[in-house]
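**Student:** Input file: model-v3.cif. Contents: mmCIF, C-alpha atoms.
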data_structure
loop_
_atom_site.label_atom_id
_atom_site.label_comp_id
_atom_site.auth_asym_id
_atom_site.auth_seq_id
_atom_site.Cartn_x
_atom_site.Cartn_y
_atom_site.Cartn_z
CA MET A 29 -72.42 55.20 -59.18
CA LEU A 30 -70.60 56.37 -62.32
CA LYS A 31 -71.00 59.98 -61.23
CA TYR A 32 -69.54 59.16 -57.80
CA PHE A 33 -66.55 57.38 -59.39
CA PHE A 34 -65.94 60.34 -61.72
CA ASN A 35 -65.98 62.80 -58.81
CA CYS A 36 -63.50 60.63 -56.90
CA CYS A 37 -61.11 60.61 -59.87
CA ILE A 38 -61.24 64.40 -60.11
CA ALA A 39 -60.56 64.70 -56.37
CA LEU A 40 -57.61 62.29 -56.54
CA ALA A 41 -56.14 64.13 -59.52
CA PHE A 42 -56.42 67.43 -57.67
CA LEU A 43 -54.79 66.00 -54.53
CA ASN A 44 -52.00 64.41 -56.57
CA GLY A 45 -51.28 67.74 -58.33
CA PHE A 46 -51.32 69.59 -55.03
CA ALA A 47 -48.90 67.05 -53.54
CA GLN A 48 -46.53 67.43 -56.51
CA GLU A 49 -46.54 71.23 -56.19
CA THR A 50 -45.94 70.98 -52.44
CA LYS A 51 -43.02 68.59 -53.02
CA LYS A 52 -41.57 70.87 -55.71
CA ASP A 53 -41.83 73.91 -53.43
CA SER A 54 -40.22 72.03 -50.54
CA ILE A 55 -37.04 71.29 -52.52
CA VAL A 56 -34.46 73.89 -51.49
CA PRO A 57 -31.95 74.66 -54.26
CA LYS A 58 -28.30 73.92 -53.42
CA THR A 59 -26.34 77.04 -52.58
CA GLU A 60 -22.62 77.77 -52.34
CA ARG A 61 -20.90 80.42 -50.25
CA TYR A 62 -18.91 83.33 -51.65
CA GLY A 63 -16.58 85.53 -49.66
CA VAL A 64 -13.05 86.49 -48.65
CA ARG A 65 -10.38 84.21 -47.17
CA LEU A 66 -7.49 85.76 -45.24
CA GLY A 67 -4.44 83.97 -43.88
CA VAL A 68 -0.75 83.94 -43.07
CA ASP A 69 2.22 81.96 -44.41
CA LEU A 70 3.38 79.77 -41.51
CA PHE A 71 6.53 78.74 -43.37
CA LYS A 72 7.96 82.27 -43.37
CA LEU A 73 6.68 82.96 -39.86
CA THR A 74 8.31 79.90 -38.27
CA ARG A 75 11.46 80.27 -40.37
CA SER A 76 12.07 83.58 -38.62
CA PHE A 77 12.50 81.69 -35.33
CA TYR A 78 14.91 78.93 -36.35
CA GLU A 79 16.99 80.79 -38.99
CA LYS A 80 18.96 83.66 -37.45
CA ASP A 81 19.71 85.35 -40.80
CA TYR A 82 16.05 85.54 -41.88
CA ARG A 83 12.98 87.57 -40.95
CA GLY A 84 9.77 87.41 -42.96
CA LEU A 85 5.98 87.75 -42.89
CA GLU A 86 3.43 87.10 -45.64
CA ILE A 87 -0.33 87.78 -45.58
CA THR A 88 -2.44 85.84 -48.08
CA GLY A 89 -5.97 86.38 -49.36
CA ASP A 90 -8.42 85.30 -52.02
CA TYR A 91 -11.93 86.22 -53.14
CA ARG A 92 -14.28 83.77 -54.84
CA LEU A 93 -15.48 85.20 -58.16
CA THR A 94 -17.28 82.15 -59.61
CA ARG A 95 -17.67 78.49 -58.73
CA LYS A 96 -14.16 77.78 -60.09
CA TYR A 97 -12.21 81.06 -60.21
CA TYR A 98 -10.70 83.03 -57.32
CA LEU A 99 -8.90 86.34 -57.23
CA ALA A 100 -5.73 85.85 -55.16
CA ALA A 101 -3.01 88.02 -53.65
CA GLU A 102 -0.06 87.83 -51.27
CA ILE A 103 1.74 90.73 -49.65
CA GLY A 104 4.83 90.45 -47.49
CA ASN A 105 8.19 91.64 -46.23
CA GLU A 106 11.55 89.85 -46.04
CA ASN A 107 14.94 90.55 -44.47
CA LYS A 108 17.62 87.99 -45.34
CA SER A 109 21.40 87.85 -45.14
CA VAL A 110 23.24 85.69 -47.68
CA ASP A 111 26.81 84.46 -47.20
CA ASP A 112 28.02 83.54 -50.67
CA VAL A 113 31.51 82.36 -51.67
CA GLN A 114 32.53 85.78 -52.94
CA LEU A 115 30.33 88.16 -50.97
CA ASN A 116 28.11 88.59 -47.92
CA PHE A 117 25.04 90.83 -48.29
CA THR A 118 21.68 91.62 -46.68
CA THR A 119 18.43 92.06 -48.63
CA LYS A 120 15.49 94.02 -47.18
CA GLY A 121 12.22 94.80 -48.92
CA SER A 122 8.51 94.32 -49.51
CA TYR A 123 6.58 92.63 -52.28
CA ILE A 124 3.11 91.94 -53.64
CA ARG A 125 1.78 89.18 -55.87
CA VAL A 126 -1.65 89.34 -57.55
CA GLY A 127 -3.45 86.96 -59.89
CA PHE A 128 -6.06 84.21 -59.94
CA ASP A 129 -6.57 80.54 -59.02
CA TYR A 130 -8.64 77.89 -60.81
CA ASN A 131 -10.13 75.17 -58.60
CA ALA A 132 -9.93 71.82 -60.40
CA TYR A 133 -11.51 69.86 -57.52
CA GLU A 134 -15.18 68.82 -57.69
CA ASN A 135 -16.57 69.28 -54.18
CA TRP A 136 -19.57 67.25 -53.03
CA LEU A 137 -22.17 67.98 -50.34
CA ASP A 138 -21.08 71.16 -48.52
CA MET A 139 -17.33 70.80 -49.02
CA GLU A 140 -15.34 73.88 -50.08
CA ASN A 141 -11.86 72.47 -50.65
CA GLN A 142 -9.44 73.35 -53.45
CA ILE A 143 -6.89 71.64 -55.66
CA TYR A 144 -5.88 74.56 -57.80
CA VAL A 145 -3.53 76.02 -60.37
CA GLY A 146 -2.98 79.72 -60.90
CA LEU A 147 -0.94 82.61 -62.20
CA ARG A 148 0.60 85.60 -60.40
CA TYR A 149 2.28 88.87 -61.27
CA GLY A 150 4.91 89.81 -58.70
CA PHE A 151 6.57 93.10 -57.85
CA SER A 152 9.26 93.75 -55.22
CA SER A 153 10.90 96.93 -53.95
CA PHE A 154 14.04 96.34 -51.88
CA SER A 155 17.56 97.36 -50.92
CA GLN A 156 20.88 95.48 -50.80
CA THR A 157 23.64 96.05 -48.26
CA LEU A 158 27.07 94.70 -49.21
CA ASN A 159 28.46 93.57 -45.86
CA SER A 160 31.74 92.17 -47.17
CA TYR A 161 33.35 90.67 -50.26
CA ASN A 162 36.38 88.57 -51.15
CA ILE A 163 39.22 89.40 -53.53
CA TYR A 164 41.34 86.65 -55.02
CA ASN A 165 44.92 86.64 -53.75
CA PRO A 166 47.41 85.03 -56.19
CA ASN A 167 49.96 84.53 -53.39
CA PRO A 168 48.96 81.27 -51.60
CA TYR A 169 51.16 82.12 -48.61
CA PHE A 170 48.63 84.76 -47.55
CA GLY A 171 45.59 82.70 -48.52
CA GLN A 172 43.51 82.51 -51.68
CA LEU A 173 40.93 85.18 -50.71
CA ASP A 174 41.12 88.53 -48.99
CA GLU A 175 37.90 89.60 -47.21
CA ILE A 176 37.04 93.29 -47.51
CA THR A 177 34.44 94.81 -45.18
CA SER A 178 32.17 97.18 -47.08
CA GLY A 179 28.81 98.23 -45.65
CA GLU A 180 27.82 99.92 -48.95
CA LYS A 181 24.05 100.14 -49.38
CA PHE A 182 22.06 100.14 -52.63
CA ASN A 183 18.51 101.55 -52.44
CA GLY A 184 15.66 101.76 -54.94
CA LEU A 185 16.05 98.26 -56.40
CA THR A 186 13.01 96.64 -58.04
CA ALA A 187 11.97 93.39 -59.71
CA HIS A 188 9.01 92.23 -61.83
CA TRP A 189 8.17 88.57 -62.47
CA ALA A 190 5.46 85.99 -63.23
CA GLU A 191 4.59 82.85 -61.26
CA VAL A 192 2.88 79.55 -62.05
CA VAL A 193 1.21 78.22 -58.88
CA ALA A 194 -0.12 74.78 -57.91
CA GLY A 195 -1.56 74.06 -54.48
CA VAL A 196 -4.16 72.62 -52.12
CA LYS A 197 -6.50 74.16 -49.52
CA ALA A 198 -8.63 72.05 -47.17
CA GLU A 199 -11.13 73.01 -44.48
CA VAL A 200 -10.07 71.48 -41.15
CA PHE A 201 -12.50 73.32 -38.87
CA ASN A 202 -15.52 75.51 -39.54
CA ASN A 203 -14.22 78.25 -41.89
CA PHE A 204 -10.57 77.45 -41.05
CA TYR A 205 -8.33 76.20 -43.86
CA VAL A 206 -4.78 74.90 -44.17
CA GLY A 207 -2.94 74.68 -47.46
CA PHE A 208 0.34 74.67 -49.30
CA SER A 209 1.53 75.71 -52.74
CA PHE A 210 4.55 75.34 -55.03
CA ARG A 211 5.66 78.14 -57.37
CA LEU A 212 7.87 78.50 -60.44
CA ASN A 213 9.04 82.05 -61.12
CA ARG A 214 10.25 83.75 -64.28
CA MET A 215 11.83 87.21 -64.08
CA PHE A 216 10.65 89.94 -66.45
CA SER A 217 12.97 92.75 -65.41
CA GLN A 218 15.03 93.86 -62.43
CA LYS A 219 17.18 96.74 -61.29
CA GLN A 220 20.50 95.53 -59.89
CA PRO A 221 23.41 97.08 -57.96
CA ASN A 222 26.41 98.15 -60.00
CA ASN A 223 28.88 95.73 -58.43
CA PHE A 224 26.97 92.43 -58.14
CA GLU A 225 23.77 90.61 -59.10
CA ASN A 226 20.57 90.20 -57.08
CA LEU A 227 21.08 86.70 -55.69
CA TYR A 228 18.01 86.95 -53.43
CA ILE A 229 14.89 89.07 -54.02
CA PRO A 230 12.04 89.45 -51.47
CA GLY A 231 9.00 87.56 -52.74
CA PHE A 232 10.93 85.98 -55.61
CA HIS A 233 13.42 84.21 -53.31
CA ARG A 234 16.78 82.92 -54.52
CA THR A 235 17.55 83.55 -58.18
CA TYR A 236 18.93 80.84 -60.46
CA ASN A 237 20.81 82.07 -63.54
CA GLY A 238 19.36 85.49 -62.76
CA ASP A 239 15.93 84.72 -64.28
CA PHE A 240 14.37 81.67 -62.60
CA GLY A 241 13.26 80.96 -59.06
CA VAL A 242 11.12 78.60 -57.00
CA GLY A 243 8.90 79.14 -53.97
CA PHE A 244 6.80 77.35 -51.39
CA ASN A 245 4.31 78.40 -48.74
CA TYR A 246 2.27 76.70 -46.01
CA THR A 247 -0.77 78.70 -44.98
CA VAL A 248 -3.53 78.80 -42.41
CA SER A 249 -6.50 81.00 -43.28
CA TYR A 250 -10.04 81.95 -42.24
CA PHE A 251 -13.00 82.24 -44.61
CA ILE A 252 -15.38 85.22 -44.18
CA PRO A 253 -18.67 84.40 -45.99
CA LEU A 254 -20.37 87.38 -47.64
CA TYR A 255 -23.29 85.87 -49.54
CA LYS A 256 -24.70 82.65 -51.00
CA SER A 257 -25.55 81.80 -54.60
CA ALA A 258 -27.70 78.96 -55.91
CA VAL A 259 -26.04 76.32 -58.07
CA LYS A 260 -27.42 76.37 -61.60
CA THR A 261 -29.24 73.33 -62.95
CA LYS A 262 -26.63 72.60 -65.60
CA ASP A 263 -23.98 72.54 -62.87
CA LYS A 264 -26.00 69.96 -60.94
CA LYS A 265 -26.31 67.77 -64.06
CA LYS A 266 -22.54 67.86 -64.56
CA LYS A 267 -22.07 66.49 -61.05
#
With the file now loaded, output its structure as structure tokens.
**Tutor:**
Amino acid sequence: MLKYFFNCCIALAFLNGFAQETKKDSIVPKTERYGVRLGVDLFKLTRSFYEKDYRGLEITGDYRLTRKYYLAAEIGNENKSVDDVQLNFTTKGSYIRVGFDYNAYENWLDMENQIYVGLRYGFSSFSQTLNSYNIYNPNPYFGQLDEITSGEKFNGLTAHWAEVVAGVKAEVFNNFYVGFSFRLNRMFSQKQPNNFENLYIPGFHRTYNGDFGVGFNYTVSYFIPLYKSAVKTKDKKKK
């Protein structure tokens, strides 16, 4: 009887160990997707339809490096006419911004949304066309300003700046994302025309005091998954 009981205990221990191993093997580690996301700035695209003095297009993209960090870039082209008090000019040019984003949002389950902050380096190459300008007339009988038509063009202008970015990206359909971001710009250096300042720079937008600027974009993008990576144990414990 004792021998039978002992054999039963050994059998139960073996079955329990086998069940634990089977359960351990059946647990699939959590994985997260890594890949490229490409999109377009809808704000610039739609602005081209309702603002007659503006044409613009911006392509956006990012690549997920780690769970929190993304390489990011925007490339675009702008054509804008500005009617200031003293002059009327047209700016045409292209730009590129490159940098990174840090995702501060803790996703749960299979969510892949972002609440992020980031930095960018921006570079723009553009031209300015002076359409017309005003000269002060001291004789009030003939008006205070005399408008002079010019048409002079200044090529080879450039600008370098840095941006602080804060934004949101949310998945609305499978692999489709919408998002928006706000930007504060600080100019490093710029090449200006001889007769007036750069009041508007493609990619930098309107300049304030010559050095500062602000920006905004509203994007729709598509995520292209390239591979999956398992979440490390320490990352699971943090959640």
**Student:** Dig up all the protein and nucleic acid residues within 9 Å of (1.3, 75.9, -44.9) in the file frame, using all atoms listed in the file, and format them as a list in words.
**Tutor:**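 Here the neighbourhood of the point contains Val68, Asp69, Leu70, Phe71, Val206, Gly207, Phe208, Ser209, Phe244, Asn245, Tyr246, Thr247 and Val248 of chain A.
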**Student:** Skipping near chain neighbours, those fewer than 3 positions away, what residues fall within 6 Å of Gly146 in chain A using all atoms listed in the file, listed as a short mmCIF file (atom, residue, chain, number, x, y, z; two decimals) with C-alpha atoms, keeping the file's coordinate frame?
**Tutor:**
data_model
loop_
_atom_site.label_atom_id
_atom_site.label_comp_id
_atom_site.auth_asym_id
_atom_site.auth_seq_id
_atom_site.Cartn_x
_atom_site.Cartn_y
_atom_site.Cartn_z
CA PHE A 128 -6.06 84.21 -59.94
CA ASP A 129 -6.57 80.54 -59.02
CA TYR A 130 -8.64 77.89 -60.81
CA VAL A 192 2.88 79.55 -62.05
CA VAL A 193 1.21 78.22 -58.88
#
**Student:** Dump as a Markdown table the rows for residues of range 57-148 of chain A within 12 Å of range 223-226 of chain A: closest atom pair and distance in Å with one decimal, only C-alpha atoms counted, ordered by chain and rising residue number.
**Tutor:**
| residue | atom | partner | partner_atom | distance |
| --- | --- | --- | --- | --- |
| A:Val110 | CA | A:Asn226 | CA | 10.8 |
| A:Asp112 | CA | A:Phe224 | CA | 11.7 |
| A:Gln114 | CA | A:Phe224 | CA | 10.1 |
| A:Leu115 | CA | A:Phe224 | CA | 9.0 |
| A:Asn116 | CA | A:Phe224 | CA | 11.0 |
| A:Phe117 | CA | A:Asn226 | CA | 9.9 |
| A:Thr118 | CA | A:Asn226 | CA | 10.6 |
| A:Thr119 | CA | A:Asn226 | CA | 8.9 |
| A:Lys120 | CA | A:Asn226 | CA | 11.8 |
**Student:** Would you export the selected residues with C-alpha atoms as a compact mmCIF listing (two decimals), in the coordinates of the input, please?
**Tutor:**
# COMPACT_ATOMS: atom_id res chain seq x y z
CA VAL A 110 23.24 85.69 -47.68
CA ASP A 112 28.02 83.54 -50.67
CA GLN A 114 32.53 85.78 -52.94
CA LEU A 115 30.33 88.16 -50.97
CA ASN A 116 28.11 88.59 -47.92
CA PHE A 117 25.04 90.83 -48.29
CA THR A 118 21.68 91.62 -46.68
CA THR A 119 18.43 92.06 -48.63
CA LYS A 120 15.49 94.02 -47.18
**Student:** On this file, the PyMOL selection byres ((chain A and resi 202) around 12) gives some set of residues; write that set as a PyMOL selection string.
**Tutor:** chain A and resi 138-140+198-201+203-206+249-253
**Student:** Just checking: using all atoms listed in the file, which residue out of A:Lys219, A:His188, A:Lys108, A:Arg65 ends up closest to Arg83 in chain A?
**Tutor:** A:Lys108
**Student:** Evaluate the PyMOL selection byres ((chain A and resi 179) around 10) against this structure - the residues, as a PyMOL selection string, please.
**Tutor:** chain A and resi 116-118+156-161+176-178+180-182
**Student:** Run the PyMOL selection byres ((chain A and resi 93-97) around 10) against the file shown and list the residues it catches, as a list in words.
**Tutor:**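 Applied to this file, the PyMOL selection byres ((chain A and resi 93-97) around 10) selects Glu60, Arg61, Tyr62, Gly63, Val64, Asp90, Tyr91, Arg92, Tyr98, Leu99, Ala100, Phe128, Asp129, Tyr130, Asn131, Ala132, Tyr133, Glu134, Gln142, Tyr144, Gly146, Ser257, Val259 and Asp263 of chain A.
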**Student:** Write out as a ChimeraX atom specification the residues lying within 12 Å of Arg234 in chain A, counting all atoms listed in the file and excluding same-chain residues fewer than 3 positions away.
**Tutor:** /A:108-110,112,119,212-215,225-231,237-244
